[in-house]
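Student: Here you go, this is final-v7.cif (mmCIF, C-alpha atoms (C1' of nucleotides)).
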```
data_input
loop_
_atom_site.label_atom_id
_atom_site.label_comp_id
_atom_site.auth_asym_id
_atom_site.auth_seq_id
_atom_site.Cartn_x
_atom_site.Cartn_y
_atom_site.Cartn_z
CA MET A 232 -11.66 34.61 7.52
CA ASN A 233 -10.00 32.08 5.21
CA ILE A 234 -11.12 28.87 6.87
CA GLU A 235 -13.76 27.57 9.24
CA THR A 236 -12.66 28.15 12.81
CA SER A 237 -13.84 24.62 13.62
CA ILE A 238 -10.80 23.19 11.86
CA LEU A 239 -8.63 24.88 14.47
CA LEU A 240 -10.08 22.56 17.10
CA GLU A 241 -8.72 19.73 15.00
CA ILE A 242 -5.32 21.26 14.27
CA PHE A 243 -4.69 22.54 17.78
CA ARG A 244 -6.55 19.85 19.71
CA GLY A 245 -6.07 20.34 23.42
CA ILE A 246 -5.55 24.08 23.32
CA SER A 247 -8.33 26.56 24.02
CA PHE A 248 -8.36 29.99 22.45
CA THR A 249 -10.40 33.17 22.95
CA LYS A 250 -12.72 34.15 20.14
CA GLU A 251 -10.24 36.83 19.10
CA GLU A 252 -7.41 34.33 18.96
CA HIS A 253 -9.53 31.98 16.85
CA ILE A 254 -10.07 34.70 14.31
CA LEU A 255 -6.42 35.72 14.38
CA ILE A 256 -5.24 32.17 13.73
CA ALA A 257 -7.89 31.28 11.16
CA ALA A 258 -6.85 34.26 9.05
CA LYS A 259 -3.35 32.81 8.68
CA PHE A 260 -4.38 29.44 7.24
CA GLU A 261 -5.52 28.64 3.75
CA LYS A 262 -7.51 25.56 2.79
CA ILE A 263 -6.32 23.56 -0.22
CA HIS A 264 -7.92 20.61 -2.03
CA LEU A 265 -5.51 18.28 -3.77
CA LYS A 266 -6.14 15.48 -6.23
CA LYS A 267 -4.10 12.29 -6.33
CA GLY A 268 -1.02 12.85 -8.44
CA GLU A 269 -0.89 16.62 -7.92
CA THR A 270 2.28 18.22 -6.70
CA LEU A 271 2.59 20.50 -3.72
CA LEU A 272 6.26 21.28 -3.89
CA LEU A 273 9.01 20.81 -6.47
CA VAL A 274 12.76 20.61 -6.04
CA ASN A 275 14.28 24.11 -6.06
CA ASP A 276 11.02 25.82 -5.09
CA ILE A 277 11.57 28.17 -2.18
CA VAL A 278 9.76 26.65 0.78
CA TYR A 279 7.58 29.25 2.44
CA ASN A 280 4.90 26.95 3.84
CA GLN A 281 4.09 23.98 5.97
CA TYR A 282 0.85 22.03 5.61
CA TYR A 283 -1.53 20.35 8.02
CA VAL A 284 -3.14 17.23 6.54
CA SER A 285 -6.83 17.00 7.40
CA ALA A 286 -7.67 14.15 5.02
CA GLY A 287 -5.96 12.09 2.34
CA CYS A 288 -2.29 11.23 2.03
CA LEU A 289 0.90 12.94 0.79
CA ARG A 290 4.56 12.06 0.64
CA THR A 291 7.88 13.87 0.66
CA PHE A 292 10.50 12.25 -1.52
CA PHE A 293 14.03 12.77 -2.66
CA ILE A 294 15.53 11.78 -6.01
CA ASP A 295 19.18 10.72 -5.84
CA ASP A 296 21.91 11.05 -8.46
CA SER A 297 21.00 7.73 -10.05
CA GLY A 298 17.37 8.78 -10.39
CA LYS A 299 15.98 6.63 -7.59
CA GLU A 300 13.20 7.98 -5.39
CA HIS A 301 13.44 7.82 -1.61
CA THR A 302 10.39 8.57 0.50
CA LEU A 303 11.29 10.60 3.56
CA GLN A 304 7.80 11.13 4.91
CA LEU A 305 4.32 9.72 4.46
CA ALA A 306 1.68 12.05 5.88
CA ILE A 307 -1.88 11.07 6.70
CA LYS A 308 -4.58 12.78 8.75
CA ASP A 309 -3.28 14.97 11.57
CA TRP A 310 0.30 15.07 10.31
CA TRP A 311 2.21 18.15 9.22
CA ILE A 312 4.24 18.02 6.05
CA SER A 313 6.82 20.17 4.27
CA ASP A 314 10.48 20.03 3.27
CA TYR A 315 11.35 21.09 6.80
CA THR A 316 15.05 21.46 6.15
CA ALA A 317 14.21 24.19 3.65
CA PHE A 318 11.16 25.46 5.54
CA PHE A 319 13.08 26.30 8.71
CA THR A 320 15.43 28.53 6.78
CA THR A 321 13.08 29.56 3.93
CA SER A 322 15.44 28.11 1.35
CA LYS A 323 15.24 25.91 -1.73
CA ALA A 324 13.56 22.52 -1.57
CA GLU A 325 15.75 19.47 -2.08
CA MET A 326 12.69 17.28 -2.01
CA ALA A 327 9.32 17.15 -3.70
CA ILE A 328 5.89 16.64 -2.17
CA GLU A 329 3.09 14.91 -4.03
CA CYS A 330 -0.45 13.92 -3.19
CA ILE A 331 -0.92 10.15 -3.28
CA GLN A 332 -4.56 10.17 -2.21
CA ASP A 333 -7.09 12.99 -2.63
CA ALA A 334 -6.43 15.36 0.25
CA ILE A 335 -7.62 18.40 2.17
CA ILE A 336 -4.78 20.35 3.67
CA TYR A 337 -4.28 23.67 5.45
CA LYS A 338 -1.33 25.84 4.56
CA ILE A 339 0.49 28.34 6.77
CA SER A 340 3.69 30.21 5.99
CA ARG A 341 6.75 30.31 8.19
CA LYS A 342 6.36 34.04 8.63
CA GLU A 343 2.80 33.65 9.84
CA THR A 344 3.80 30.71 12.02
CA GLU A 345 6.48 32.78 13.72
CA ALA A 346 4.08 35.70 14.09
CA LEU A 347 1.76 33.35 15.95
CA TYR A 348 4.57 32.38 18.33
CA ILE A 349 4.74 36.01 19.40
CA GLU A 350 1.01 36.78 19.41
CA ILE A 351 0.06 33.55 21.19
CA PRO A 352 3.05 32.17 23.13
CA GLN A 353 1.34 28.86 23.90
CA LEU A 354 1.54 28.12 20.18
CA GLU A 355 5.31 28.20 20.33
CA THR A 356 5.04 25.56 23.04
CA PHE A 357 2.57 23.62 20.92
CA PHE A 358 4.88 23.55 17.90
CA ARG A 359 7.92 22.87 20.04
CA LYS A 360 6.23 19.77 21.42
CA LYS A 361 5.21 18.72 17.91
CA ILE A 362 8.78 18.87 16.77
CA GLU A 363 9.99 17.06 19.86
CA LYS A 364 7.70 14.19 18.87
CA GLY A 365 8.94 14.39 15.29
CA PHE A 366 12.54 14.32 16.49
CA THR A 367 11.82 11.23 18.54
CA ALA A 368 10.17 9.51 15.58
CA LEU A 369 13.17 10.22 13.35
CA GLN A 370 15.55 8.79 15.94
CA LYS A 371 13.46 5.62 16.09
CA ARG A 372 13.61 5.34 12.33
CA ILE A 373 17.39 5.72 12.33
CA LEU A 374 17.75 3.03 14.98
CA SER A 375 15.44 0.84 12.97
CA GLY A 376 17.64 1.31 9.91
CA LEU A 377 20.79 0.55 11.92
CA SER A 378 19.56 -2.54 13.71
CA GLN A 379 16.80 -4.23 11.73
CA SER A 380 16.52 -6.32 8.58
CA ALA A 381 14.19 -5.32 5.76
CA LYS A 382 11.57 -7.77 7.02
CA GLU A 383 11.73 -6.43 10.56
CA ARG A 384 11.47 -2.85 9.34
CA TYR A 385 8.43 -3.77 7.29
CA THR A 386 6.60 -5.45 10.16
CA SER A 387 7.40 -2.50 12.45
CA PHE A 388 6.06 -0.19 9.77
CA VAL A 389 2.82 -2.13 9.43
CA ASN A 390 2.35 -2.09 13.19
CA GLN A 391 3.00 1.63 13.37
CA TYR A 392 0.64 2.50 10.48
CA PRO A 393 -1.96 -0.27 10.60
CA ASN A 394 -4.24 1.09 7.88
CA ILE A 395 -1.78 2.82 5.64
CA GLU A 396 -1.65 0.08 3.01
CA GLN A 397 -5.06 1.19 1.83
CA SER A 398 -3.76 4.66 0.96
CA VAL A 399 -0.28 3.89 -0.22
CA LYS A 400 1.21 1.90 -3.06
CA ASN A 401 3.74 -0.80 -2.28
CA TYR A 402 6.49 1.06 -4.04
CA HIS A 403 5.91 4.04 -1.75
CA ILE A 404 6.32 1.79 1.26
CA ALA A 405 9.37 0.16 -0.28
CA SER A 406 11.04 3.50 -0.94
CA TYR A 407 10.19 4.59 2.62
CA LEU A 408 11.78 1.44 4.03
CA GLY A 409 14.83 1.68 1.79
CA ILE A 410 14.22 -1.51 -0.19
CA THR A 411 13.07 -2.37 -3.72
CA THR A 412 9.50 -3.25 -4.64
CA GLU A 413 10.68 -6.77 -5.51
CA SER A 414 12.14 -7.29 -2.07
CA LEU A 415 8.98 -5.94 -0.44
CA SER A 416 6.91 -8.30 -2.53
CA ARG A 417 8.98 -11.28 -1.40
CA ILE A 418 8.78 -10.18 2.22
CA ARG A 419 4.99 -9.90 2.04
CA LYS A 420 4.77 -13.33 0.49
CA GLU A 421 6.88 -14.85 3.25
CA LEU A 422 4.77 -13.21 5.93
CA THR A 423 1.42 -14.34 4.52
CA GLN A 424 2.70 -17.91 4.24
CA ASN A 425 2.97 -18.07 8.04
CA MET B 102 25.65 29.73 41.93
CA ASN B 103 26.53 26.29 40.60
CA ILE B 104 28.60 27.27 37.59
CA GLU B 105 30.57 30.18 36.23
CA THR B 106 28.23 32.55 34.40
CA SER B 107 30.83 32.78 31.62
CA ILE B 108 29.86 29.31 30.43
CA LEU B 109 26.42 30.68 29.61
CA LEU B 110 27.93 32.84 26.90
CA GLU B 111 29.16 29.61 25.38
CA ILE B 112 25.95 27.61 25.80
CA PHE B 113 23.61 30.39 24.73
CA ARG B 114 25.86 32.11 22.23
CA GLY B 115 24.02 34.92 20.49
CA ILE B 116 21.58 35.66 23.30
CA SER B 117 22.11 38.45 25.79
CA PHE B 118 20.74 38.26 29.30
CA THR B 119 20.38 40.69 32.18
CA LYS B 120 22.53 40.06 35.24
CA GLU B 121 19.50 38.68 37.05
CA GLU B 122 18.77 36.28 34.21
CA HIS B 123 22.37 35.10 34.20
CA ILE B 124 22.12 34.22 37.85
CA LEU B 125 18.76 32.56 37.39
CA ILE B 126 20.03 30.36 34.57
CA ALA B 127 23.39 29.56 36.11
CA ALA B 128 21.65 28.23 39.21
CA LYS B 129 19.91 25.58 37.13
CA PHE B 130 23.03 24.03 35.61
CA GLU B 131 25.50 21.69 37.21
CA LYS B 132 29.02 21.12 35.98
CA ILE B 133 30.23 17.52 35.63
CA HIS B 134 33.67 16.13 34.84
CA LEU B 135 33.70 12.75 33.13
CA LYS B 136 36.55 10.35 32.47
CA LYS B 137 36.81 8.22 29.36
CA GLY B 138 34.83 5.03 29.88
CA GLU B 139 32.46 6.47 32.49
CA THR B 140 28.76 6.16 32.01
CA LEU B 141 26.28 9.00 32.10
CA LEU B 142 23.08 7.07 31.58
CA LEU B 143 22.12 3.40 31.65
CA VAL B 144 19.21 1.60 30.00
CA ASN B 145 16.12 1.79 32.22
CA ASP B 146 17.34 4.83 34.14
CA ILE B 147 14.67 7.50 34.24
CA VAL B 148 15.91 10.37 32.11
CA TYR B 149 15.59 13.64 33.99
CA ASN B 150 18.45 15.51 32.34
CA GLN B 151 20.00 16.75 29.17
CA TYR B 152 23.68 17.68 28.93
CA TYR B 153 25.63 20.38 27.15
CA VAL B 154 29.09 19.19 26.05
CA SER B 155 31.74 21.84 26.65
CA ALA B 156 34.75 19.58 25.99
CA GLY B 157 35.49 15.94 25.22
CA CYS B 158 33.25 13.44 23.50
CA LEU B 159 30.29 11.21 24.41
CA ARG B 160 28.04 8.81 22.57
CA THR B 161 24.48 7.55 22.86
CA PHE B 162 24.11 3.91 21.85
CA PHE B 163 21.48 1.24 21.70
CA ILE B 164 22.01 -2.49 22.18
CA ASP B 165 19.75 -4.67 20.04
CA ASP B 166 18.35 -8.12 20.77
CA SER B 167 21.40 -9.84 19.32
CA GLY B 168 23.72 -7.81 21.53
CA LYS B 169 25.05 -5.50 18.84
CA GLU B 170 25.69 -1.85 19.67
CA HIS B 171 24.35 0.94 17.46
CA THR B 172 25.57 4.49 17.96
CA LEU B 173 22.75 6.98 17.60
CA GLN B 174 24.67 10.11 18.49
CA LEU B 175 28.26 11.26 18.80
CA ALA B 176 28.51 14.49 20.75
CA ILE B 177 31.49 16.81 20.74
CA LYS B 178 31.94 20.41 21.88
CA ASP B 179 28.81 22.53 21.66
CA TRP B 180 26.42 19.61 21.22
CA TRP B 181 23.62 18.62 23.54
CA ILE B 182 23.18 14.99 24.46
CA SER B 183 20.60 12.82 26.19
CA ASP B 184 18.22 9.98 25.40
CA TYR B 185 15.80 12.56 24.05
CA THR B 186 12.99 10.12 23.44
CA ALA B 187 12.93 9.43 27.17
CA PHE B 188 13.93 12.96 28.19
CA PHE B 189 10.96 14.63 26.53
CA THR B 190 8.55 12.47 28.50
CA THR B 191 10.71 11.85 31.59
CA SER B 192 10.55 8.10 31.03
CA LYS B 193 12.96 5.16 31.02
CA ALA B 194 16.08 5.22 28.86
CA GLU B 195 16.26 2.72 26.03
CA MET B 196 19.80 3.82 25.30
CA ALA B 197 23.00 4.32 27.23
CA ILE B 198 25.40 7.25 27.18
CA GLU B 199 29.11 6.83 27.76
CA CYS B 200 32.08 9.15 27.74
CA ILE B 201 34.57 8.21 25.02
CA GLN B 202 36.99 11.06 25.67
CA ASP B 203 37.47 12.96 28.95
CA ALA B 204 34.71 15.52 29.05
CA ILE B 205 33.30 18.57 30.78
CA ILE B 206 29.55 18.77 30.55
CA TYR B 207 26.74 20.87 32.02
CA LYS B 208 23.58 19.20 33.20
CA ILE B 209 20.08 20.66 33.36
CA SER B 210 16.86 18.82 34.15
CA ARG B 211 13.73 18.87 32.04
CA LYS B 212 11.82 20.53 34.86
CA GLU B 213 14.36 23.34 35.11
CA THR B 214 14.50 23.63 31.32
CA GLU B 215 10.75 24.08 31.14
CA ALA B 216 10.85 26.54 34.02
CA LEU B 217 13.30 28.60 31.98
CA TYR B 218 10.90 28.62 29.03
CA ILE B 219 8.40 30.44 31.26
CA GLU B 220 10.83 32.70 33.08
CA ILE B 221 12.75 33.68 29.92
CA PRO B 222 10.59 33.13 26.81
CA GLN B 223 13.45 33.71 24.40
CA LEU B 224 14.94 30.48 25.73
CA GLU B 225 11.97 28.52 24.45
CA THR B 226 12.73 30.02 21.06
CA PHE B 227 16.40 29.16 21.49
CA PHE B 228 15.69 25.51 22.27
CA ARG B 229 13.02 25.30 19.57
CA LYS B 230 15.57 26.42 17.01
CA LYS B 231 18.11 23.95 18.38
CA ILE B 232 15.68 21.11 17.92
CA GLU B 233 14.72 22.33 14.46
CA LYS B 234 18.38 21.98 13.52
CA GLY B 235 18.53 18.57 15.15
CA PHE B 236 15.43 17.49 13.26
CA THR B 237 17.00 18.59 10.00
CA ALA B 238 20.19 16.70 10.78
CA LEU B 239 18.27 13.51 11.51
CA GLN B 240 16.38 13.78 8.23
CA LYS B 241 19.67 14.14 6.38
CA ARG B 242 20.98 11.05 8.10
CA ILE B 243 17.87 9.06 7.14
CA LEU B 244 18.21 10.14 3.51
CA SER B 245 21.86 9.22 3.63
CA GLY B 246 20.93 5.74 4.87
CA LEU B 247 18.29 5.35 2.18
CA SER B 248 20.34 6.53 -0.77
CA GLN B 249 24.04 6.02 -0.11
CA SER B 250 26.47 3.10 0.01
CA ALA B 251 28.64 2.46 3.05
CA LYS B 252 31.60 4.15 1.38
CA GLU B 253 29.57 7.23 0.50
CA ARG B 254 28.19 7.47 4.02
CA TYR B 255 31.69 7.25 5.43
CA THR B 256 33.08 10.01 3.23
CA SER B 257 30.08 12.23 4.05
CA PHE B 258 30.71 11.54 7.71
CA VAL B 259 34.37 12.47 7.50
CA ASN B 260 33.50 15.70 5.69
CA GLN B 261 30.87 16.57 8.27
CA TYR B 262 33.13 15.83 11.27
CA PRO B 263 36.63 16.54 9.94
CA ASN B 264 38.51 16.03 13.20
CA ILE B 265 36.40 13.45 14.90
CA GLU B 266 38.68 10.50 14.12
CA GLN B 267 41.06 11.79 16.77
CA SER B 268 38.42 11.42 19.46
CA VAL B 269 36.55 8.36 18.33
CA LYS B 270 37.43 4.72 17.80
CA ASN B 271 36.77 3.16 14.41
CA TYR B 272 34.18 0.82 15.85
CA HIS B 273 32.23 3.83 17.13
CA ILE B 274 32.19 5.30 13.66
CA ALA B 275 31.25 1.93 12.16
CA SER B 276 28.33 1.50 14.55
CA TYR B 277 27.23 5.08 13.81
CA LEU B 278 27.29 4.39 10.07
CA GLY B 279 25.57 1.03 10.41
CA ILE B 280 28.44 -1.11 9.18
CA THR B 281 30.93 -3.53 10.74
CA THR B 282 34.46 -2.59 11.78
CA GLU B 283 35.78 -4.95 9.10
CA SER B 284 33.86 -3.16 6.36
CA LEU B 285 34.99 0.22 7.64
CA SER B 286 38.57 -0.99 7.64
CA ARG B 287 38.27 -2.09 4.01
CA ILE B 288 36.64 1.20 3.02
CA ARG B 289 39.43 3.20 4.66
CA LYS B 290 42.04 1.08 2.88
CA GLU B 291 40.38 1.66 -0.48
CA LEU B 292 40.21 5.40 0.09
CA THR B 293 43.87 5.79 1.13
CA GLN B 294 44.97 3.84 -1.93
CA ASN B 295 43.62 6.64 -4.15
"C1'" DC C 254 57.50 -7.04 29.16
"C1'" DG C 255 53.10 -9.07 28.43
"C1'" DC C 256 48.30 -8.67 28.06
"C1'" DG C 257 44.13 -6.91 26.32
"C1'" DA C 258 41.99 -3.87 23.17
"C1'" DC C 259 41.88 -2.42 18.55
"C1'" DG C 260 42.52 -2.76 13.60
"C1'" DT C 261 43.44 -5.46 9.43
"C1'" DT C 262 43.13 -9.10 6.12
"C1'" DG C 263 41.29 -13.26 3.90
"C1'" DA C 264 37.68 -16.79 2.84
"C1'" DT C 265 33.06 -17.58 2.71
"C1'" DT C 266 28.16 -16.60 3.18
"C1'" DT C 267 24.02 -14.01 2.76
"C1'" DG C 268 20.49 -10.47 2.28
"C1'" DC C 269 19.08 -7.64 -0.86
"C1'" DC C 270 19.58 -5.65 -5.63
"C1'" DT C 271 19.36 -5.89 -10.62
"C1'" DC C 272 17.50 -7.34 -14.71
"C1'" DA C 273 13.98 -9.62 -17.13
"C1'" DA C 274 9.58 -11.57 -17.86
"C1'" DC C 275 5.19 -12.25 -16.74
"C1'" DG C 276 0.37 -11.83 -14.03
"C1'" DA C 277 -3.01 -8.85 -11.92
"C1'" DT C 278 -5.37 -4.80 -11.26
"C1'" DT C 279 -6.95 -0.32 -12.40
"C1'" DG C 280 -8.60 3.20 -15.20
"C1'" DT C 281 -10.30 5.00 -19.50
"C1'" DG C 282 -12.28 5.76 -24.01
"C1'" DG C 283 -15.17 3.82 -27.44
"C1'" DC D 239 -20.06 -2.01 -20.03
"C1'" DC D 240 -16.50 -4.07 -22.25
"C1'" DA D 241 -11.70 -3.92 -24.36
"C1'" DC D 242 -7.50 -2.55 -23.96
"C1'" DA D 243 -3.54 -0.11 -22.17
"C1'" DA D 244 -1.02 1.42 -18.49
"C1'" DT D 245 0.28 0.81 -13.98
"C1'" DC D 246 1.40 -2.09 -10.34
"C1'" DG D 247 2.78 -6.41 -8.20
"C1'" DT D 248 4.99 -11.01 -8.49
"C1'" DT D 249 8.40 -14.41 -9.61
"C1'" DG D 250 12.88 -16.22 -11.11
"C1'" DA D 251 17.96 -16.16 -12.14
"C1'" DG D 252 22.10 -14.18 -11.28
"C1'" DG D 253 25.23 -10.73 -9.09
"C1'" DC D 254 27.18 -7.76 -5.64
"C1'" DA D 255 27.95 -5.18 -1.35
"C1'" DA D 256 28.47 -5.98 3.08
"C1'" DA D 257 28.20 -9.44 6.95
"C1'" DT D 258 30.20 -13.31 9.19
"C1'" DC D 259 33.78 -16.11 10.85
"C1'" DA D 260 38.50 -16.72 11.73
"C1'" DA D 261 43.25 -15.52 12.17
"C1'" DC D 262 46.74 -12.50 12.68
"C1'" DG D 263 49.35 -7.73 13.33
"C1'" DT D 264 49.82 -3.68 16.23
"C1'" DC D 265 49.35 -0.46 19.59
"C1'" DG D 266 48.96 1.33 24.31
"C1'" DC D 267 49.00 0.60 29.06
"C1'" DG D 268 49.57 -1.60 33.73
#
```
Any chance you could put this one into structure tokens?

Tutor:
Amino acid sequence: MNIETSILLEIFRGISFTKEEHILIAAKFEKIHLKKGETLLLVNDIVYNQYYVSAGCLRTFFIDDSGKEHTLQLAIKDWWISDYTAFFTTSKAEMAIECIQDAIIYKISRKETEALYIEIPQLETFFRKKIEKGFTALQKRILSGLSQSAKERYTSFVNQYPNIEQSVKNYHIASYLGITTESLSRIRKELTQN
Amino acid sequence: MNIETSILLEIFRGISFTKEEHILIAAKFEKIHLKKGETLLLVNDIVYNQYYVSAGCLRTFFIDDSGKEHTLQLAIKDWWISDYTAFFTTSKAEMAIECIQDAIIYKISRKETEALYIEIPQLETFFRKKIEKGFTALQKRILSGLSQSAKERYTSFVNQYPNIEQSVKNYHIASYLGITTESLSRIRKELTQN
DNA sequence: CGCGACGTTGATTTGCCTCAACGATTGTGG
DNA sequence: CCACAATCGTTGAGGCAAATCAACGTCGCG
């Protein structure tokens, strides 16, 4: 078995498995330790895997034609991370993933994930509900981008991730919110003055 | 049976069903004709249903505190539409849906959808893959908002939906792109001058 | 025809970016 | 454990893309 079965209680909280199922699932995951600054995925890598974050923090980011970075996802404990656009079709990554705080993650390939859907149908339901939540979160973020100012987006962000500033540099937050570090700095100043 | 079974070939293109399954599924859908300007969903309605668009065009939009409309989704033939944030949890709509070009749609409730997942497991896979595609599309839109100018977003939009300008008013496109009608007008002028 | 909805154009304003310089903080090797 | 460099955050001046405000064409429909 590749990993402790106890981690499965964490990953699949709320689902109960037989002992045989535990073993079956555990064999498909691989535990990975990452140091801050290490890279999990590079642009043009074929994306075979998704990753469950058990501790630490990672981010998915995109580099545009002018060389600017844009953070698509920040992942802390209990989040899944990958370049999902490429993962769903096992194609080339358009984004990179890097560790921004020492992390413990669990890797599973798409093939193994889909095998699980067949072997244990309730896992297809589990992942479907995960992605429904993810879909909802992305819609909220789009609405936020359409209707809010930079300052409003920042305060929403801080409310949504109350403790994330400890793990994440300001320029990661700025590139997630779609603003520059200078603008974020000015926004923070304004907010602390009140 | 509520609807012609032939429509199921359209909705579930690529899947084959037994005659019994056809009947089972068809009984869960309801056909609806909508006229331009009619409303499918209002803010604070409880969202029981999702809708398959067979013809015409609808949009989901959100009205912010200052009264401005923001278009989250434009749905043409072969798209599904709802306030999915509310649909997935059968809660109150934060957005409205209106018909912007005479439409024929097919309605199915969340309860019936989930019943189908159990009765015909390949439908859970079908809908999971649908939402994976939707998830991917939303991520692309977020990246587009983070990294592109209004003009670039507009040209991407036109490439992605080549014929949509026939069905949709400019101010719908503007509110989808997150710009004003005046800016869109100036962008269009610039582009036709080249 | 006449009215309302839609699109366009111009003048002005503004939120955020860019560029540049300078503090503050962190990490590292001597 | 300190010194120093690199990284990160802050501040200011100026510029630009897009918003706002206002007025005016144009189109479609009752």

Student: Enumerate, as a PDB file with C-alpha atoms (C1' of nucleotides), keeping the file's coordinate frame, the residues matched when the PyMOL selection byres ((chain C) within 10 of (chain B)) is run on the file above.

Tutor:
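Wrote selection08.pdb, looks like this:
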```pdb
ATOM      1  C1'  DC C 259      41.880  -2.420  18.550  1.00  0.00           C
ATOM      2  C1'  DG C 260      42.520  -2.760  13.600  1.00  0.00           C
ATOM      3  C1'  DT C 261      43.440  -5.460   9.430  1.00  0.00           C
ATOM      4  C1'  DT C 262      43.130  -9.100   6.120  1.00  0.00           C
TER       5       DT C 262
END
```

Student: Could you write out as a VMD selection string the residues that the PyMOL selection byres ((chain B and resi 252) around 10) matches in the shown file?

Tutor: chain B and resid 249 to 251 253 to 258 278 280 284 to 285 287 to 289 291 to 292

Student: Can you list, as a list in words, every protein, DNA or RNA residue that comes within 7 Å of region 309-321 of chain A when you count all atoms listed in the file, leaving out same-chain residues fewer than 3 positions away?

Tutor: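 Everything that qualifies: Ile277, Val278, Tyr279, Asn280, Gln281, Tyr282, Tyr283, Val284, Ser285, Ala306, Ala324 and Met326 of chain A; Thr237 of chain B.
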
Student: When you get a sec, could you note down which chain D residues fall within 9 Å of chain B, using all atoms listed in the file, as a PDB file with C-alpha atoms (C1' of nucleotides), keeping the file's coordinate frame?

Tutor:
```pdb
ATOM      1  C1'  DA D 255      27.950  -5.180  -1.350  1.00  0.00           C
ATOM      2  C1'  DA D 256      28.470  -5.980   3.080  1.00  0.00           C
ATOM      3  C1'  DA D 257      28.200  -9.440   6.950  1.00  0.00           C
TER       4       DA D 257
END
```

Student: Between CA of Thr161 (chain B) and CA of Gly138 (chain B), measure the distance and give it in Å to one decimal.

Tutor: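 Separation between CA of Thr161 (chain B) and CA of Gly138 (chain B): 12.8 Å.
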
Student: Care to translate the PyMOL selection byres ((chain D and resi 265) around 9) into actual residues of this file, as a ChimeraX atom specification?

Tutor: /C:258-259 /D:264,266
